[in-house]
2 protein chains.
Amino acid sequence: MQSEERQKRIEEYLLKTEFASLDELSEQVDASISTVRRDLDQLAEKGTIRRTHGGARVVNPKSDEFTFTARDQHQLAEKEAIATACAALIGMNQTVILDAGTTVYHVATRLEAKSPQIITNSLPVANFYNTTTKAEVVVSGGVIYPRLGVLIGPLAVEMFAKVRADIAIMGAGGLSPDGVSNSHGLLIEIQRAMIHAAKKVIFCLDHTKLGRQSISPLCGLDVIDTIVTDQAAPVEMVRALRKRGIEVIIAP
Amino acid sequence: MQSEERQKRIEEYLLKTEFASLDELSEQVDASISTVRRDLDQLAEKGTIRRTHGGARVVNPKSDEFTFTARDQHQLAEKEAIATACAALIGMNQTVILDAGTTVYHVATRLEAKSPQIITNSLPVANFYNTTTKAEVVVSGGVIYPRLGVLIGPLAVEMFAKVRADIAIMGAGGLSPDGVSNSHGLLIEIQRAMIHAAKKVIFCLDHTKLGRQSISPLCGLDVIDTIVTDQAAPVEMVRALRKRGIEVIIAP
DNA sequence: TTGAATCTTGCAAAATCTACCAAAATCTAC
DNA sequence: GTAGATTTTGGTAGATTTTGCAAGATTCAA
C-alpha cells in the first residue's frame with residue numbers, strides 16, 4: 001500500500017474511533033509502527049489529526065472532547081438521569097450560569113429547547129452551542145486549564161463578578177454536612193462568583209459525591225437552593241439536607 | 001492496445017478504487033510498468049489523476065471530508081501552505097494573538113512546538129489546545145457568534161484592549177490599496193483591538209483576498225508589518241505592497 | 001522518583017523514480 | 001509495398017524515497 005492510501009485509511013479510522021494507538025493503527029493499515037508514526041507526523045503537520053503520546057486522535061471530534069468523555073464514563077447513567085431532572089427545573093428564556101463539570105455538561109445538552117441565555121466558562125459547553133442559534137451563549141474569558149476544558153484565572157472571576165443570572169447549575173467534588181468542596185483549588189474562586197451572581201443555586205451531585213469531602217472548601221450548605229442527585233443517594237443525608245430547607249431532587 | 005484506450009481504462013479503474021499501485025495498473029491494462037508510468041505522468045499533467053509514490057490516486061475523492069466548516073474547503077491547499085509559512089515566522093515562547101479565521105486556525109495547529117502563549121477569541125483554536133500543556137492559551141470572553149465559532153461583544157474588545165502581545169496573526173475578507181476590510185462588522189472592533197495590542201501584525205490572506213474589498217473597513221495598510229499569501233497572488237499587488245514597506249511572504 | 005512505555009534519531013535494506021537505450025511498432029514519402 | 005524516420009514500448013542502471021529496525025533520550029503514570 002502507498003503512503004497516501006495509508007494516510008487516508010488512518011484518517012478514516014480515526015474519524016470512526018476518535019482515538020487510536022500506534023499498535024492499533026499499525027495493524028489496521030498493515031505497516032510497521034515507524035511508518036505509522038511518520039504518517040501521523042505528516043497528518044498532524046497538515047492539521048487533520050492530533051498526535052498524542054502513544055497514538056493519535058481527531059482534531060475536531062464531532063461528539064465530545066476526548067479526555068472529557070474519558071472522565072465521563074464514571075457513573076454515566078446516573079449523570080444522565082441527573083442532567084435530565086435538572087434540565088426540567090429550567091424555565092423558558094432564563095439566564096443560566098453553567099459550571100464546568102461533566103454532569104453539568106450533560107445538563108447543557110438538554111437545554112437547547114428552552115432557548116436560554118447561557119453564561120459559562122466550560123469549553124465543551126461553548127463548543128456544544130457553537131452550531132446552534134437557539135441559545136445565546138456568553139463565554140467567560142480566562143486561561144485554558146488543560147484536560148478539564150475550563151477557563152480559569154482572574155479574567156473568569158471578574159467576568160462572573162459582573163453578571164447576574166436566574167440560575168447557577170454547579171458541580172462539585174464532594175458535599176458533607178460542613179459544606180461543599182472541590183478538588184481543583186483554581187476553580188473555587190470562580191465558582192463562588194458564579195454562586196454569588198445567581199438568584200437560585202442548583203448543585204448536580206451523583207451519589208458518590210454525597211458525604212464525601214474534597215480538598216478545597218467551596219461554600220456552606222446555606223447558599224444551596226436545590227440539589228439534584230440519583231437514587232443511590234444515602235437516605236439519611238437526603239433527609240438531613242431537606243431538614244435544612246434544601247430541596248433535594250432524586251432523579252429516577 | 002492503444003495508449004488512449006489504456007489511459008482511459010486507467011482512469012476508470014482509479015475512479016472505482018480511488019488508489020492503485022503501478023503493479024496493479026500494469027496488470028489491469030496488460031502493459032509494462034514503464035508504460036503505465038508514462039501514462040500516469042500524462043494523466044497527471046492533464047490533471048485528471050494525481051501521482052503518488054508507488055501508484056496513483058484520483059484527484060477528487062468523494063469522501064475527502066474535513067471536519068471543519070464548509071468555508072474551510074475553499075482554497076484549502078493554499079491555506080495550508082500559507083499557514084505553514086506563517087507559523088515559521090513565530091519564534092519560541094512568544095506571545096501570539098490569533099484571530100478567528102479559518103486560515104489562522106491552520107496556523108494555530110502548527111504552533112504547538114513553539115510553546116507559545118496564545119491569546120484568542122476563536123473557539124476552534126481554544127478547543128485545539130484544550131488537551132495540551134505545551135501552550136498557555138488565554139481565551140477572551142464574549143458571546144458566541146454561532147456559525148464562525150468566534151467570541152464577540154464588549155467583553156472580547158475589553159479583553160484585547162487590556163493585553164499586549166509580540167505578534168498578531170490576522171485574517172480578513174479583503175485587501176485593497178485603500179486598506180484591509182472584513183465582511184463581519186461585529187468583528188471589526190475586536191480586530192482593531194488585537195492589532196493595537198501587538199508589536200508586529202501579520203495578515204494571512206490567500207490570493208483571492210488581494211485586490212478585493214469587503215463590506216466593513218478595518219484598518220489602513222500602514223499598520224501591517226507582514227502579509228503571507230500564496231503563489232497565485234497578483235504580481236503587481238505584491239510589488240505595490242512591498243514598495244510601501246510591507247514584507248510580503250509568498251508561500252510555496 | 002522509578003520503571004515502563006513512547007519518542008527521536010540514524011542507518012541499512014527495499015521499493016520506487018528518473019533518465020536513458022534498444023527493439024518493436026507505426027508512420028511517411030515515394 | 002518498402003526503406004527510412006518517428007513514436008511507442010519494455011527494460012536497465014544509478015539516484016532517490018520509503019520502510020523497518022534498534023539504540024539512546026524522553027515522557028508518563030504511579
# chains A, B, ... in the order shown; residues from 1 in each chain; ligands from 1
$ closest_atom_pairs --of "chain B" --to "chain A" --cutoff "6 Å" --atoms "only C-alpha atoms" --output "tab-separated table"
residue	atom	partner	partner_atom	distance
B:Thr109	CA	A:Gly47	CA	5.8
B:Asn130	CA	A:Pro146	CA	5.1
B:Thr131	CA	A:Arg147	CA	5.1
B:Val137	CA	A:Val143	CA	5.6
B:Val138	CA	A:Val143	CA	4.2
B:Val139	CA	A:Gly141	CA	5.2
B:Ser140	CA	A:Gly141	CA	4.3
B:Gly141	CA	A:Gly141	CA	3.6
B:Gly142	CA	A:Val139	CA	5.3
B:Val143	CA	A:Val138	CA	4.2
B:Ile144	CA	A:Val137	CA	5.6
B:Pro146	CA	A:Asn130	CA	4.9
B:Gly149	CA	A:Asn130	CA	5.7
$ write_last_selection --atoms "C-alpha atoms" --output "CSV table (one decimal), in the first residue's frame"
chain,number,residue,atom,x,y,z
B,109,THR,CA,-2.4,23.9,14.6
B,130,ASN,CA,-7.6,22.0,25.2
B,131,THR,CA,-5.6,18.9,25.7
B,137,VAL,CA,-3.9,29.7,26.0
B,138,VAL,CA,-5.9,32.8,27.1
B,139,VAL,CA,-9.4,32.9,25.8
B,140,SER,CA,-11.2,36.2,25.5
B,141,GLY,CA,-14.6,36.4,27.0
B,142,GLY,CA,-17.6,37.2,24.7
B,143,VAL,CA,-20.8,36.0,23.2
B,144,ILE,CA,-20.6,33.0,20.7
B,146,PRO,CA,-22.5,30.7,16.1
B,149,GLY,CA,-17.1,29.9,16.4
$ closest_atom_pairs --of "chain B" --to "chain D" --cutoff "8 Å" --atoms "only C-alpha atoms (C1' of nucleotides)" --output "tab-separated table"
residue	atom	partner	partner_atom	distance
B:Ser32	CA	D:DG10	C1'	6.3
B:Ser34	CA	D:DG10	C1'	6.9
B:Thr35	CA	D:DT9	C1'	6.8
$ write_last_selection --atoms "C-alpha atoms" --output "tab-separated table (two decimals), in the first residue's frame"
chain	number	residue	atom	x	y	z
B	32	SER	CA	4.74	-2.85	-18.63
B	34	SER	CA	7.29	1.76	-17.61
B	35	THR	CA	4.36	2.29	-19.93
$ closest_atom_pairs --of "chain B" --to "chain C" --cutoff "10 Å" --atoms "only C-alpha atoms (C1' of nucleotides)" --output "Markdown table"
| residue | atom | partner | partner_atom | distance |
| --- | --- | --- | --- | --- |
| B:Leu22 | CA | C:DT16 | C1' | 9.9 |
| B:Arg37 | CA | C:DC17 | C1' | 9.7 |
| B:His53 | CA | C:DT16 | C1' | 6.9 |
| B:Gly54 | CA | C:DT16 | C1' | 6.1 |
| B:Gly55 | CA | C:DT16 | C1' | 9.5 |
$ write_last_selection --atoms "C-alpha atoms" --output "PDB file, in the first residue's frame"
ATOM      1  CA  LEU B  22       1.795   0.521 -10.538  1.00  0.00           C
ATOM      2  CA  ARG B  37       4.302   5.129 -15.510  1.00  0.00           C
ATOM      3  CA  HIS B  53       4.882   7.183  -4.695  1.00  0.00           C
ATOM      4  CA  GLY B  54       4.235   3.695  -5.982  1.00  0.00           C
ATOM      5  CA  GLY B  55       0.974   4.413  -7.754  1.00  0.00           C
TER       6      GLY B  55
END
$ calpha_fit_and_write --fixed "chain A" --moving "chain B" --output "CSV table (one decimal) with C-alpha atoms, in the first residue's frame"
chain,number,residue,atom,x,y,z
B,1,MET,CA,1.7,-12.4,7.7
B,2,GLN,CA,0.8,-13.0,11.3
B,3,SER,CA,-1.9,-11.2,13.0
B,4,GLU,CA,0.4,-9.6,15.5
B,5,GLU,CA,2.7,-8.2,12.9
B,6,ARG,CA,-0.4,-6.9,11.0
B,7,GLN,CA,-1.7,-5.2,14.0
B,8,LYS,CA,1.6,-3.6,14.8
B,9,ARG,CA,1.9,-2.3,11.2
B,10,ILE,CA,-1.6,-0.9,11.5
B,11,GLU,CA,-0.7,0.9,14.7
B,12,GLU,CA,2.4,2.3,13.1
B,13,TYR,CA,0.6,3.4,10.0
B,14,LEU,CA,-2.1,5.1,12.1
B,15,LEU,CA,0.5,6.9,14.1
B,16,LYS,CA,1.8,8.5,11.0
B,17,THR,CA,-1.4,9.3,9.3
B,18,GLU,CA,-3.7,9.9,12.3
B,19,PHE,CA,-6.7,8.6,10.2
B,20,ALA,CA,-7.0,5.7,7.8
B,21,SER,CA,-9.8,4.0,6.0
B,22,LEU,CA,-10.4,0.3,5.9
B,23,ASP,CA,-9.5,0.1,2.3
B,24,GLU,CA,-6.3,2.0,2.9
B,25,LEU,CA,-5.3,-0.3,5.8
B,26,SER,CA,-6.3,-3.4,3.9
B,27,GLU,CA,-4.0,-2.5,1.1
B,28,GLN,CA,-1.3,-1.5,3.5
B,29,VAL,CA,-1.1,-4.8,5.3
B,30,ASP,CA,-2.2,-6.9,2.4
B,31,ALA,CA,-5.2,-8.5,4.0
B,32,SER,CA,-8.9,-8.5,3.4
B,33,ILE,CA,-11.2,-5.9,4.8
B,34,SER,CA,-12.8,-8.4,7.2
B,35,THR,CA,-9.4,-9.2,8.7
B,36,VAL,CA,-8.5,-5.6,9.1
B,37,ARG,CA,-11.8,-5.0,10.7
B,38,ARG,CA,-11.2,-7.7,13.3
B,39,ASP,CA,-7.7,-6.4,13.9
B,40,LEU,CA,-9.1,-2.9,14.5
B,41,ASP,CA,-11.7,-4.3,16.9
B,42,GLN,CA,-9.0,-5.9,18.9
B,43,LEU,CA,-6.8,-2.8,18.9
B,44,ALA,CA,-9.7,-0.7,19.9
B,45,GLU,CA,-10.4,-3.1,22.7
B,46,LYS,CA,-6.9,-2.8,23.9
B,47,GLY,CA,-7.4,1.0,23.7
B,48,THR,CA,-4.5,1.8,21.4
B,49,ILE,CA,-6.7,3.1,18.6
B,50,ARG,CA,-10.3,4.2,18.2
B,51,ARG,CA,-12.7,2.9,15.7
B,52,THR,CA,-14.6,5.2,13.4
B,53,HIS,CA,-17.2,4.7,10.7
B,54,GLY,CA,-15.2,3.5,7.7
B,55,GLY,CA,-11.8,3.4,9.4
B,56,ALA,CA,-9.9,4.2,12.5
B,57,ARG,CA,-7.9,6.9,14.2
B,58,VAL,CA,-5.3,7.2,16.9
B,59,VAL,CA,-6.5,7.7,20.4
B,60,ASN,CA,-4.3,10.6,21.4
B,61,PRO,CA,-3.6,12.8,18.4
B,62,LYS,CA,-0.8,15.3,19.3
B,63,SER,CA,-2.7,18.2,17.8
B,64,ASP,CA,-6.1,17.8,19.5
B,65,GLU,CA,-6.1,21.2,20.9
B,66,PHE,CA,-8.8,23.0,22.6
B,67,THR,CA,-8.8,26.7,22.8
B,68,PHE,CA,-10.0,26.8,26.3
B,69,THR,CA,-7.8,26.7,29.3
B,70,ALA,CA,-5.5,23.9,30.3
B,71,ARG,CA,-7.8,23.1,33.2
B,72,ASP,CA,-10.4,22.1,30.7
B,73,GLN,CA,-8.5,19.2,29.2
B,74,HIS,CA,-9.0,17.2,32.4
B,75,GLN,CA,-11.9,14.8,32.2
B,76,LEU,CA,-13.1,16.4,29.0
B,77,ALA,CA,-15.3,13.6,27.8
B,78,GLU,CA,-17.0,13.3,31.2
B,79,LYS,CA,-17.5,17.1,31.4
B,80,GLU,CA,-19.1,17.1,28.0
B,81,ALA,CA,-21.4,14.2,28.9
B,82,ILE,CA,-22.3,16.0,32.2
B,83,ALA,CA,-23.0,19.2,30.3
B,84,THR,CA,-25.3,17.6,27.9
B,85,ALA,CA,-27.2,15.9,30.6
B,86,CYS,CA,-27.4,19.0,32.7
B,87,ALA,CA,-28.6,21.1,29.7
B,88,ALA,CA,-31.5,18.7,29.3
B,89,LEU,CA,-32.8,19.7,32.7
B,90,ILE,CA,-33.4,23.3,31.6
B,91,GLY,CA,-36.8,24.3,30.1
B,92,MET,CA,-37.6,26.9,27.6
B,93,ASN,CA,-37.3,30.6,28.6
B,94,GLN,CA,-36.1,29.9,32.1
B,95,THR,CA,-33.9,32.3,34.0
B,96,VAL,CA,-30.6,30.5,34.7
B,97,ILE,CA,-27.7,31.5,36.9
B,98,LEU,CA,-24.4,30.1,35.5
B,99,ASP,CA,-21.4,29.7,37.7
B,100,ALA,CA,-17.9,30.1,36.4
B,101,GLY,CA,-16.4,26.6,36.2
B,102,THR,CA,-15.3,24.9,33.0
B,103,THR,CA,-18.0,22.3,33.2
B,104,VAL,CA,-20.6,24.9,33.6
B,105,TYR,CA,-19.2,26.7,30.6
B,106,HIS,CA,-19.9,23.5,28.6
B,107,VAL,CA,-23.5,23.6,29.8
B,108,ALA,CA,-23.7,27.2,28.6
B,109,THR,CA,-22.7,26.2,25.1
B,110,ARG,CA,-25.7,23.8,25.0
B,111,LEU,CA,-28.4,26.2,26.2
B,112,GLU,CA,-28.8,28.5,23.2
B,113,ALA,CA,-31.8,26.6,21.7
B,114,LYS,CA,-33.8,27.2,24.9
B,115,SER,CA,-33.6,30.9,24.6
B,116,PRO,CA,-32.9,31.3,28.2
B,117,GLN,CA,-32.3,34.4,30.3
B,118,ILE,CA,-28.8,33.9,31.7
B,119,ILE,CA,-27.1,35.6,34.6
B,120,THR,CA,-23.4,34.9,35.0
B,121,ASN,CA,-20.1,36.2,36.3
B,122,SER,CA,-18.1,34.1,33.8
B,123,LEU,CA,-16.4,36.0,31.0
B,124,PRO,CA,-16.2,32.9,28.7
B,125,VAL,CA,-19.9,32.5,29.0
B,126,ALA,CA,-20.5,36.2,28.3
B,127,ASN,CA,-18.2,35.9,25.4
B,128,PHE,CA,-20.0,32.9,24.0
B,129,TYR,CA,-23.3,34.7,24.0
B,130,ASN,CA,-21.9,37.9,22.6
B,131,THR,CA,-23.0,37.3,19.0
B,132,THR,CA,-26.4,35.8,19.5
B,133,THR,CA,-29.7,37.4,20.2
B,134,LYS,CA,-31.3,34.1,21.2
B,135,ALA,CA,-30.5,34.5,24.8
B,136,GLU,CA,-30.6,37.5,27.1
B,137,VAL,CA,-27.4,37.6,29.1
B,138,VAL,CA,-26.9,39.6,32.2
B,139,VAL,CA,-23.3,39.9,33.3
B,140,SER,CA,-22.5,40.7,36.9
B,141,GLY,CA,-20.1,43.4,37.6
B,142,GLY,CA,-16.8,42.7,39.3
B,143,VAL,CA,-13.1,42.6,39.1
B,144,ILE,CA,-11.5,40.1,36.7
B,145,TYR,CA,-9.8,37.3,38.4
B,146,PRO,CA,-7.4,36.7,35.6
B,147,ARG,CA,-6.7,33.0,35.2
B,148,LEU,CA,-10.2,31.8,35.6
B,149,GLY,CA,-12.0,34.5,33.6
B,150,VAL,CA,-14.5,35.2,36.4
B,151,LEU,CA,-15.8,38.4,37.9
B,152,ILE,CA,-15.4,38.7,41.7
B,153,GLY,CA,-15.7,41.2,44.5
B,154,PRO,CA,-18.4,43.1,46.1
B,155,LEU,CA,-20.0,44.3,42.9
B,156,ALA,CA,-20.6,40.7,41.9
B,157,VAL,CA,-22.0,39.7,45.3
B,158,GLU,CA,-24.3,42.6,45.4
B,159,MET,CA,-25.6,41.8,41.9
B,160,PHE,CA,-26.5,38.3,42.7
B,161,ALA,CA,-28.0,39.3,46.0
B,162,LYS,CA,-30.4,41.5,44.0
B,163,VAL,CA,-31.7,39.0,41.4
B,164,ARG,CA,-33.9,35.9,41.4
B,165,ALA,CA,-33.7,32.9,39.0
B,166,ASP,CA,-35.3,29.6,38.3
B,167,ILE,CA,-32.2,27.6,38.3
B,168,ALA,CA,-28.5,27.9,39.4
B,169,ILE,CA,-26.0,25.7,37.7
B,170,MET,CA,-23.0,25.4,39.9
B,171,GLY,CA,-19.5,23.9,39.9
B,172,ALA,CA,-17.3,23.2,42.9
B,173,GLY,CA,-14.0,21.8,43.9
B,174,GLY,CA,-15.3,18.9,46.0
B,175,LEU,CA,-18.3,17.3,47.6
B,176,SER,CA,-18.2,15.2,50.8
B,177,PRO,CA,-20.8,14.2,53.3
B,178,ASP,CA,-20.0,17.4,55.2
B,179,GLY,CA,-21.0,19.6,52.3
B,180,VAL,CA,-19.7,21.3,49.2
B,181,SER,CA,-16.4,23.1,49.1
B,182,ASN,CA,-14.4,25.1,46.7
B,183,SER,CA,-10.7,25.9,46.2
B,184,HIS,CA,-11.0,29.7,45.5
B,185,GLY,CA,-12.1,31.5,48.7
B,186,LEU,CA,-12.9,34.6,46.7
B,187,LEU,CA,-15.7,32.8,44.9
B,188,ILE,CA,-17.4,31.4,48.0
B,189,GLU,CA,-19.5,34.5,48.8
B,190,ILE,CA,-20.6,34.9,45.2
B,191,GLN,CA,-21.6,31.3,44.9
B,192,ARG,CA,-23.6,31.5,48.1
B,193,ALA,CA,-25.5,34.5,46.7
B,194,MET,CA,-26.1,32.5,43.5
B,195,ILE,CA,-27.5,29.6,45.4
B,196,HIS,CA,-29.6,31.9,47.5
B,197,ALA,CA,-31.1,33.6,44.4
B,198,ALA,CA,-32.2,30.4,42.7
B,199,LYS,CA,-35.3,28.3,43.3
B,200,LYS,CA,-33.5,25.1,42.1
B,201,VAL,CA,-29.8,24.4,42.6
B,202,ILE,CA,-27.9,22.0,40.3
B,203,PHE,CA,-24.3,21.0,40.8
B,204,CYS,CA,-22.3,19.7,38.0
B,205,LEU,CA,-19.5,17.5,39.4
B,206,ASP,CA,-17.4,14.9,37.6
B,207,HIS,CA,-16.6,11.8,39.6
B,208,THR,CA,-13.2,13.1,40.7
B,209,LYS,CA,-15.0,15.7,42.8
B,210,LEU,CA,-17.2,13.3,44.7
B,211,GLY,CA,-15.8,12.4,48.1
B,212,ARG,CA,-13.2,15.1,47.8
B,213,GLN,CA,-12.9,18.1,50.1
B,214,SER,CA,-11.5,21.4,49.0
B,215,ILE,CA,-10.2,24.3,51.0
B,216,SER,CA,-13.1,26.6,51.6
B,217,PRO,CA,-16.5,25.2,52.7
B,218,LEU,CA,-19.3,26.5,50.5
B,219,CYS,CA,-22.6,25.1,51.6
B,220,GLY,CA,-24.3,22.1,53.1
B,221,LEU,CA,-25.8,19.3,51.1
B,222,ASP,CA,-29.4,20.4,52.0
B,223,VAL,CA,-29.3,23.3,49.6
B,224,ILE,CA,-28.7,21.0,46.7
B,225,ASP,CA,-31.6,19.9,44.5
B,226,THR,CA,-29.8,18.0,41.8
B,227,ILE,CA,-26.3,16.7,41.1
B,228,VAL,CA,-25.2,15.8,37.6
B,229,THR,CA,-22.1,13.5,37.5
B,230,ASP,CA,-20.6,10.8,35.3
B,231,GLN,CA,-20.7,7.1,35.3
B,232,ALA,CA,-17.5,6.7,37.3
B,233,ALA,CA,-19.1,8.2,40.3
B,234,PRO,CA,-18.7,6.0,43.4
B,235,VAL,CA,-21.8,4.0,43.8
B,236,GLU,CA,-22.1,4.3,47.6
B,237,MET,CA,-21.7,8.1,47.5
B,238,VAL,CA,-24.5,8.2,44.9
B,239,ARG,CA,-26.7,6.0,47.1
B,240,ALA,CA,-26.0,8.1,50.2
B,241,LEU,CA,-26.9,11.3,48.3
B,242,ARG,CA,-30.1,9.9,47.0
B,243,LYS,CA,-31.1,8.7,50.4
B,244,ARG,CA,-30.8,12.3,51.5
B,245,GLY,CA,-33.4,13.3,48.9
B,246,ILE,CA,-31.0,14.7,46.4
B,247,GLU,CA,-31.7,13.9,42.8
B,248,VAL,CA,-28.5,12.4,41.3
B,249,ILE,CA,-28.3,12.2,37.5
B,250,ILE,CA,-25.5,10.0,36.0
B,251,ALA,CA,-24.6,11.2,32.5
B,252,PRO,CA,-23.9,8.3,30.0
$ select_by_dssp --residues "segment 153-197 of chain A" --states "helix (DSSP H, G or I)" --output "VMD selection string"
chain A and resid 154 to 162 185 to 197
$ write_last_selection --atoms "N, CA and C atoms" --output "PDB file, in the first residue's frame"
ATOM      1  N   PRO A 154      -8.106  35.235  36.772  1.00  0.00           N
ATOM      2  CA  PRO A 154      -8.776  36.484  37.127  1.00  0.00           C
ATOM      3  C   PRO A 154      -9.809  36.933  36.096  1.00  0.00           C
ATOM      4  N   LEU A 155      -9.500  36.734  34.832  1.00  0.00           N
ATOM      5  CA  LEU A 155     -10.459  37.142  33.805  1.00  0.00           C
ATOM      6  C   LEU A 155     -11.811  36.478  34.019  1.00  0.00           C
ATOM      7  N   ALA A 156     -11.784  35.202  34.325  1.00  0.00           N
ATOM      8  CA  ALA A 156     -13.024  34.462  34.532  1.00  0.00           C
ATOM      9  C   ALA A 156     -13.746  34.961  35.786  1.00  0.00           C
ATOM     10  N   VAL A 157     -12.978  35.156  36.840  1.00  0.00           N
ATOM     11  CA  VAL A 157     -13.587  35.618  38.094  1.00  0.00           C
ATOM     12  C   VAL A 157     -14.258  36.980  37.898  1.00  0.00           C
ATOM     13  N   GLU A 158     -13.498  37.891  37.312  1.00  0.00           N
ATOM     14  CA  GLU A 158     -14.041  39.229  37.046  1.00  0.00           C
ATOM     15  C   GLU A 158     -15.347  39.162  36.296  1.00  0.00           C
ATOM     16  N   MET A 159     -15.334  38.337  35.286  1.00  0.00           N
ATOM     17  CA  MET A 159     -16.490  38.228  34.412  1.00  0.00           C
ATOM     18  C   MET A 159     -17.732  37.794  35.184  1.00  0.00           C
ATOM     19  N   PHE A 160     -17.586  36.768  35.989  1.00  0.00           N
ATOM     20  CA  PHE A 160     -18.746  36.291  36.742  1.00  0.00           C
ATOM     21  C   PHE A 160     -19.131  37.272  37.847  1.00  0.00           C
ATOM     22  N   ALA A 161     -18.173  38.076  38.289  1.00  0.00           N
ATOM     23  CA  ALA A 161     -18.483  39.076  39.306  1.00  0.00           C
ATOM     24  C   ALA A 161     -19.369  40.178  38.722  1.00  0.00           C
ATOM     25  N   LYS A 162     -19.299  40.322  37.391  1.00  0.00           N
ATOM     26  CA  LYS A 162     -20.018  41.423  36.757  1.00  0.00           C
ATOM     27  C   LYS A 162     -21.436  41.073  36.332  1.00  0.00           C
ATOM     28  N   GLY A 185      -8.444  23.621  43.309  1.00  0.00           N
ATOM     29  CA  GLY A 185      -8.435  24.887  44.015  1.00  0.00           C
ATOM     30  C   GLY A 185      -8.628  26.089  43.113  1.00  0.00           C
ATOM     31  N   LEU A 186      -8.152  25.960  41.901  1.00  0.00           N
ATOM     32  CA  LEU A 186      -8.222  27.105  40.991  1.00  0.00           C
ATOM     33  C   LEU A 186      -9.664  27.452  40.603  1.00  0.00           C
ATOM     34  N   LEU A 187     -10.542  26.479  40.785  1.00  0.00           N
ATOM     35  CA  LEU A 187     -11.922  26.716  40.373  1.00  0.00           C
ATOM     36  C   LEU A 187     -12.751  27.404  41.447  1.00  0.00           C
ATOM     37  N   ILE A 188     -12.278  27.279  42.684  1.00  0.00           N
ATOM     38  CA  ILE A 188     -13.070  27.731  43.818  1.00  0.00           C
ATOM     39  C   ILE A 188     -13.564  29.174  43.679  1.00  0.00           C
ATOM     40  N   GLU A 189     -12.631  30.046  43.396  1.00  0.00           N
ATOM     41  CA  GLU A 189     -12.982  31.464  43.361  1.00  0.00           C
ATOM     42  C   GLU A 189     -14.036  31.745  42.285  1.00  0.00           C
ATOM     43  N   ILE A 190     -13.862  31.076  41.162  1.00  0.00           N
ATOM     44  CA  ILE A 190     -14.811  31.253  40.068  1.00  0.00           C
ATOM     45  C   ILE A 190     -16.185  30.739  40.462  1.00  0.00           C
ATOM     46  N   GLN A 191     -16.197  29.571  41.085  1.00  0.00           N
ATOM     47  CA  GLN A 191     -17.482  29.007  41.475  1.00  0.00           C
ATOM     48  C   GLN A 191     -18.188  29.892  42.491  1.00  0.00           C
ATOM     49  N   ARG A 192     -17.404  30.493  43.381  1.00  0.00           N
ATOM     50  CA  ARG A 192     -18.027  31.410  44.358  1.00  0.00           C
ATOM     51  C   ARG A 192     -18.669  32.586  43.644  1.00  0.00           C
ATOM     52  N   ALA A 193     -17.961  33.099  42.655  1.00  0.00           N
ATOM     53  CA  ALA A 193     -18.517  34.217  41.891  1.00  0.00           C
ATOM     54  C   ALA A 193     -19.789  33.798  41.168  1.00  0.00           C
ATOM     55  N   MET A 194     -19.782  32.590  40.641  1.00  0.00           N
ATOM     56  CA  MET A 194     -20.987  32.079  39.965  1.00  0.00           C
ATOM     57  C   MET A 194     -22.167  32.037  40.920  1.00  0.00           C
ATOM     58  N   ILE A 195     -21.920  31.460  42.090  1.00  0.00           N
ATOM     59  CA  ILE A 195     -22.979  31.316  43.086  1.00  0.00           C
ATOM     60  C   ILE A 195     -23.515  32.683  43.504  1.00  0.00           C
ATOM     61  N   HIS A 196     -22.560  33.594  43.669  1.00  0.00           N
ATOM     62  CA  HIS A 196     -22.941  34.937  44.098  1.00  0.00           C
ATOM     63  C   HIS A 196     -23.805  35.637  43.049  1.00  0.00           C
ATOM     64  N   ALA A 197     -23.557  35.326  41.778  1.00  0.00           N
ATOM     65  CA  ALA A 197     -24.236  36.031  40.687  1.00  0.00           C
ATOM     66  C   ALA A 197     -25.638  35.510  40.426  1.00  0.00           C
TER      67      ALA A 197
END
$ select_by_dssp --residues "segment 161-203 of chain A" --states "strand (DSSP E)" --output "list of chain:residue names"
A:Ala165, A:Asp166, A:Ile167, A:Ala168, A:Ile169, A:Met170, A:Gly174, A:Leu175, A:Ser176, A:Gly179, A:Val180, A:Ser181, A:Asn182, A:Ala198, A:Lys199, A:Lys200, A:Val201, A:Ile202, A:Phe203
